[in-house]
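> Structure in structure tokens, see below.
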Amino acid sequence: MATVPQLRDPLRRRAFTLVDAGIGPADAPAASWAPVPGRMPAELAAAGIDPADVETVVLTHLHSDHIGWAVTGTPGRPYFPNASYLVQRAEVDAAQTLNPGLPAGLIAPLRAAGQLRVVDGETTLTPAVRLLPTTGHTPGHQSVLLTSADERMLLTGDLLVHAVQLVDPDLAYAHEEDPDEARRSRLTTLRTHSPTILATPHLGTPFTPPPDLR
């Protein structure tokens, strides 16, 4: 999970972009294997961010540890009431295959609330924020590139999953839908966009320098 503040008219409410939605509450889809409940509500509160102030939620992919707080309750409702949820079309199309519970548990409530925004390929959100297709881990996996002056931060989702991939990005991860495609995405994205820092949810520290691919 990462948040990106957006510059807005000072007379309007603050608005934020959230990248991924964490592990989720005690009854989240990840409960069968992950330590629930997750800490995202407490972390947002500590940062002074109200869920109503989140304007955009980018879901890098639909694995259960990245969507936990996206939709909560019974019946399910978007946890962020004012947010558009951005998902790649290929990921939505693959939802049933990724997890049979996703169409009814996630996609349908977001659509019913008018909060699902399906995107196709590379998408510019603001001059400083771009969505990059980084397929392979899942069919519609995407990463988020932030650009400011000569600095670029890549929020990777599961483009990188293990610290050893910082040493050798050629190495595959066991839980990839298409390991060859994931490898191509990893190498191409790191080389093409030359991030100066990586924001990685699974590597122990939230921010880390990219591997040297020279």
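Order determines the names: the first chain of the structure tokens is A, the second B, and so forth; residues in each chain are numbered 1 upward, and ligands are numbered 1 upward as they are shown.
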What's around A:Leu213 at 9 Å? Count only C-alpha atoms, leave out sequence neighbours fewer than 6 positions away in its own chain, and write the answer as an MDAnalysis selection string.
chainID A and resid 169 187 190:191
> Which residues of stretch 100-132 of chain A come within 9 Å of stretch 74-77 of chain A, and for each one, what is the closest pair of atoms and their distance in Å to one decimal, counting only C-alpha atoms, sorted by chain and residue number, as CSV?

residue,atom,partner,partner_atom,distance
A:Gly105,CA,A:Gly76,CA,6.8
A:Leu106,CA,A:Gly76,CA,7.8
A:Pro109,CA,A:Arg77,CA,6.0
A:Leu110,CA,A:Arg77,CA,7.4
A:Ala113,CA,A:Arg77,CA,7.8
> Got time to write the residues from that selection, N, CA and C atoms, as a PDB file, in the first residue's frame?

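out_29.pdb written:
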ATOM      1  N   GLY A 105     -17.464 -10.823  -5.406  1.00  0.00           N
ATOM      2  CA  GLY A 105     -17.003 -10.204  -4.175  1.00  0.00           C
ATOM      3  C   GLY A 105     -16.334  -8.857  -4.351  1.00  0.00           C
ATOM      4  N   LEU A 106     -15.783  -8.598  -5.534  1.00  0.00           N
ATOM      5  CA  LEU A 106     -15.042  -7.358  -5.763  1.00  0.00           C
ATOM      6  C   LEU A 106     -15.573  -6.578  -6.959  1.00  0.00           C
ATOM      7  N   PRO A 109     -19.558  -5.337  -6.743  1.00  0.00           N
ATOM      8  CA  PRO A 109     -19.841  -4.182  -5.876  1.00  0.00           C
ATOM      9  C   PRO A 109     -19.247  -2.881  -6.388  1.00  0.00           C
ATOM     10  N   LEU A 110     -18.044  -2.939  -6.962  1.00  0.00           N
ATOM     11  CA  LEU A 110     -17.447  -1.718  -7.502  1.00  0.00           C
ATOM     12  C   LEU A 110     -18.247  -1.204  -8.690  1.00  0.00           C
ATOM     13  N   ALA A 113     -21.565   0.366  -7.568  1.00  0.00           N
ATOM     14  CA  ALA A 113     -21.375   1.687  -6.969  1.00  0.00           C
ATOM     15  C   ALA A 113     -20.907   2.720  -7.983  1.00  0.00           C
TER      16      ALA A 113
END
> For A:Pro179, list every protein, DNA or RNA residue within 7 Å, evaluated using only C-alpha atoms, and leave out those in the same chain fewer than 4 positions away; present the list as a PyMOL selection string.
chain A and resi 136-137+172+183
> Between A:Ala149, A:Trp33, A:Val19, A:Ala45, which one has atoms that come closest to A:Leu86, using only C-alpha atoms?
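Smallest separation from A:Leu86 among the options: A:Val19.
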> Have a look at atom CA of A:Pro35 and atom CA of A:Gly68 and let me know their distance in Å, one decimal.
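Separation between atom CA of A:Pro35 and atom CA of A:Gly68: 11.6 Å.
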> Residues near A:Glu177, anyone? I mean within 10 Å using only C-alpha atoms, not counting same-chain ones fewer than 3 positions away, as a VMD selection string.
chain A and resid 98 135 to 139 173 to 174 180 to 182
> Could you please determine the separation between atom CA of A:Ala70 and atom CA of A:Thr188 in Å, to one decimal place?
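Computing the Euclidean distance for atom CA of A:Ala70 and atom CA of A:Thr188 yields 29.4 Å.
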> Compile the contact shell of stretch 56-66 of chain A as an mmCIF file with N, CA and C atoms, in the first residue's frame: residues with an atom at most 7 Å away, counting only C-alpha atoms, same-chain residues fewer than 3 positions apart removed.

data_model
loop_
_atom_site.group_PDB
_atom_site.id
_atom_site.type_symbol
_atom_site.label_atom_id
_atom_site.label_comp_id
_atom_site.auth_asym_id
_atom_site.auth_seq_id
_atom_site.Cartn_x
_atom_site.Cartn_y
_atom_site.Cartn_z
ATOM 1 N N PHE A 16 -6.337 11.975 -2.344
ATOM 2 C CA PHE A 16 -5.161 11.116 -2.404
ATOM 3 C C PHE A 16 -5.403 9.976 -3.377
ATOM 4 N N THR A 17 -4.302 9.468 -3.911
ATOM 5 C CA THR A 17 -4.316 8.239 -4.689
ATOM 6 C C THR A 17 -3.682 7.144 -3.848
ATOM 7 N N LEU A 18 -4.352 6.023 -3.743
ATOM 8 C CA LEU A 18 -3.869 4.866 -3.001
ATOM 9 C C LEU A 18 -3.474 3.778 -3.992
ATOM 10 N N VAL A 19 -2.307 3.199 -3.800
ATOM 11 C CA VAL A 19 -1.875 2.088 -4.648
ATOM 12 C C VAL A 19 -1.981 0.805 -3.838
ATOM 13 N N ASP A 20 -2.922 -0.039 -4.231
ATOM 14 C CA ASP A 20 -3.272 -1.303 -3.593
ATOM 15 C C ASP A 20 -3.994 -1.100 -2.260
ATOM 16 N N ALA A 21 -4.702 -2.140 -1.856
ATOM 17 C CA ALA A 21 -5.625 -2.016 -0.724
ATOM 18 C C ALA A 21 -5.348 -3.009 0.386
ATOM 19 N N GLY A 22 -4.140 -3.525 0.458
ATOM 20 C CA GLY A 22 -3.703 -4.244 1.639
ATOM 21 C C GLY A 22 -4.343 -5.605 1.883
ATOM 22 N N ILE A 23 -4.053 -6.140 3.073
ATOM 23 C CA ILE A 23 -4.483 -7.475 3.474
ATOM 24 C C ILE A 23 -5.984 -7.545 3.738
ATOM 25 N N PRO A 29 -10.498 -11.889 1.876
ATOM 26 C CA PRO A 29 -10.137 -13.071 1.083
ATOM 27 C C PRO A 29 -8.788 -13.673 1.454
ATOM 28 N N ALA A 30 -7.864 -12.862 1.986
ATOM 29 C CA ALA A 30 -6.534 -13.368 2.337
ATOM 30 C C ALA A 30 -6.501 -14.075 3.684
ATOM 31 N N ALA A 83 -13.847 7.063 -4.205
ATOM 32 C CA ALA A 83 -12.712 6.733 -5.067
ATOM 33 C C ALA A 83 -13.140 6.001 -6.330
ATOM 34 N N SER A 84 -12.415 6.283 -7.411
ATOM 35 C CA SER A 84 -12.447 5.413 -8.581
ATOM 36 C C SER A 84 -11.388 4.332 -8.387
ATOM 37 N N TYR A 85 -11.753 3.096 -8.691
ATOM 38 C CA TYR A 85 -10.836 1.965 -8.562
ATOM 39 C C TYR A 85 -10.349 1.601 -9.957
ATOM 40 N N LEU A 86 -9.027 1.721 -10.193
ATOM 41 C CA LEU A 86 -8.462 1.520 -11.519
ATOM 42 C C LEU A 86 -7.851 0.124 -11.636
ATOM 43 N N VAL A 87 -8.357 -0.645 -12.599
ATOM 44 C CA VAL A 87 -7.900 -2.011 -12.843
ATOM 45 C C VAL A 87 -7.743 -2.185 -14.343
ATOM 46 N N GLU A 91 -6.985 -7.759 -16.414
ATOM 47 C CA GLU A 91 -7.112 -8.303 -15.068
ATOM 48 C C GLU A 91 -8.575 -8.570 -14.727
ATOM 49 N N THR A 138 0.292 -11.582 -13.074
ATOM 50 C CA THR A 138 -1.091 -11.872 -13.451
ATOM 51 C C THR A 138 -1.308 -11.270 -14.834
ATOM 52 N N GLY A 140 -3.192 -8.979 -16.019
ATOM 53 C CA GLY A 140 -3.340 -7.539 -16.138
ATOM 54 C C GLY A 140 -2.595 -6.777 -15.069
ATOM 55 N N HIS A 141 -1.491 -7.324 -14.593
ATOM 56 C CA HIS A 141 -0.707 -6.637 -13.569
ATOM 57 C C HIS A 141 -0.229 -5.283 -14.107
ATOM 58 N N GLN A 142 -0.264 -4.268 -13.224
ATOM 59 C CA GLN A 142 0.235 -2.945 -13.603
ATOM 60 C C GLN A 142 1.072 -2.377 -12.460
ATOM 61 N N SER A 143 1.991 -1.492 -12.819
ATOM 62 C CA SER A 143 2.800 -0.765 -11.856
ATOM 63 C C SER A 143 2.513 0.725 -12.018
ATOM 64 N N GLY A 157 3.962 -3.137 -7.183
ATOM 65 C CA GLY A 157 3.057 -4.257 -6.977
ATOM 66 C C GLY A 157 3.882 -5.514 -6.787
#
> Quick check, in Å to one decimal: how far apart do atom CA of A:Glu151 and atom CA of A:Ala46 lie?
26.7 Å
> For A:Pro209, work out the shell of residues within 9 Å, counting only C-alpha atoms and skipping chain neighbours fewer than 6 positions away, then give it as a VMD selection string.
chain A and resid 166 195 to 199
> Got time to write the residues from that selection, all heavy atoms, as a PDB file, in the first residue's frame?

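The resulting file, again-v4.pdb, is reproduced below:
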ATOM      1  N   LEU A 166      16.432  -8.397  -6.823  1.00  0.00           N
ATOM      2  CA  LEU A 166      17.232  -7.173  -6.928  1.00  0.00           C
ATOM      3  C   LEU A 166      18.654  -7.501  -7.360  1.00  0.00           C
ATOM      4  O   LEU A 166      19.337  -6.673  -7.956  1.00  0.00           O
ATOM      5  CB  LEU A 166      17.260  -6.444  -5.587  1.00  0.00           C
ATOM      6  CG  LEU A 166      15.939  -5.833  -5.117  1.00  0.00           C
ATOM      7  CD1 LEU A 166      16.100  -5.274  -3.715  1.00  0.00           C
ATOM      8  CD2 LEU A 166      15.463  -4.753  -6.075  1.00  0.00           C
ATOM      9  N   PRO A 195      13.928   3.685 -13.007  1.00  0.00           N
ATOM     10  CA  PRO A 195      13.520   4.299 -11.733  1.00  0.00           C
ATOM     11  C   PRO A 195      14.724   4.584 -10.842  1.00  0.00           C
ATOM     12  O   PRO A 195      15.720   3.855 -10.857  1.00  0.00           O
ATOM     13  CB  PRO A 195      12.608   3.234 -11.117  1.00  0.00           C
ATOM     14  CG  PRO A 195      13.024   1.951 -11.768  1.00  0.00           C
ATOM     15  CD  PRO A 195      13.449   2.305 -13.142  1.00  0.00           C
ATOM     16  N   THR A 196      14.618   5.657 -10.084  1.00  0.00           N
ATOM     17  CA  THR A 196      15.678   5.981  -9.128  1.00  0.00           C
ATOM     18  C   THR A 196      15.403   5.366  -7.766  1.00  0.00           C
ATOM     19  O   THR A 196      16.306   5.249  -6.942  1.00  0.00           O
ATOM     20  CB  THR A 196      15.837   7.505  -8.997  1.00  0.00           C
ATOM     21  OG1 THR A 196      14.554   8.098  -8.770  1.00  0.00           O
ATOM     22  CG2 THR A 196      16.416   8.099 -10.264  1.00  0.00           C
ATOM     23  N   ILE A 197      14.144   4.967  -7.522  1.00  0.00           N
ATOM     24  CA  ILE A 197      13.793   4.293  -6.276  1.00  0.00           C
ATOM     25  C   ILE A 197      12.615   3.365  -6.571  1.00  0.00           C
ATOM     26  O   ILE A 197      11.775   3.660  -7.428  1.00  0.00           O
ATOM     27  CB  ILE A 197      13.437   5.308  -5.160  1.00  0.00           C
ATOM     28  CG1 ILE A 197      13.371   4.633  -3.794  1.00  0.00           C
ATOM     29  CG2 ILE A 197      12.141   6.024  -5.475  1.00  0.00           C
ATOM     30  CD1 ILE A 197      14.724   4.340  -3.199  1.00  0.00           C
ATOM     31  N   LEU A 198      12.565   2.238  -5.860  1.00  0.00           N
ATOM     32  CA  LEU A 198      11.462   1.295  -5.990  1.00  0.00           C
ATOM     33  C   LEU A 198      10.645   1.296  -4.708  1.00  0.00           C
ATOM     34  O   LEU A 198      11.202   1.307  -3.610  1.00  0.00           O
ATOM     35  CB  LEU A 198      11.984  -0.125  -6.244  1.00  0.00           C
ATOM     36  CG  LEU A 198      12.872  -0.332  -7.478  1.00  0.00           C
ATOM     37  CD1 LEU A 198      13.424  -1.750  -7.475  1.00  0.00           C
ATOM     38  CD2 LEU A 198      12.093  -0.066  -8.760  1.00  0.00           C
ATOM     39  N   ALA A 199       9.331   1.279  -4.851  1.00  0.00           N
ATOM     40  CA  ALA A 199       8.435   1.080  -3.715  1.00  0.00           C
ATOM     41  C   ALA A 199       7.867  -0.328  -3.846  1.00  0.00           C
ATOM     42  O   ALA A 199       7.092  -0.606  -4.766  1.00  0.00           O
ATOM     43  CB  ALA A 199       7.322   2.116  -3.716  1.00  0.00           C
TER      44      ALA A 199
END
> Check the DSSP output for the backbone and give back, as a list in words, the residues of stretch 14-54 of chain A in alpha helix (DSSP H).
Met40, Pro41, Ala42, Glu43, Leu44, Ala45 and Ala46 of chain A
> Quick check for you: according to DSSP on this backbone, which residues of stretch 70-213 of chain A are classed as strand (DSSP E)? Reply as a ChimeraX atom specification.
/A:71-72,77-78,84-88,116-119,123-126,129-133,142-148,151-155,197-199,207-208
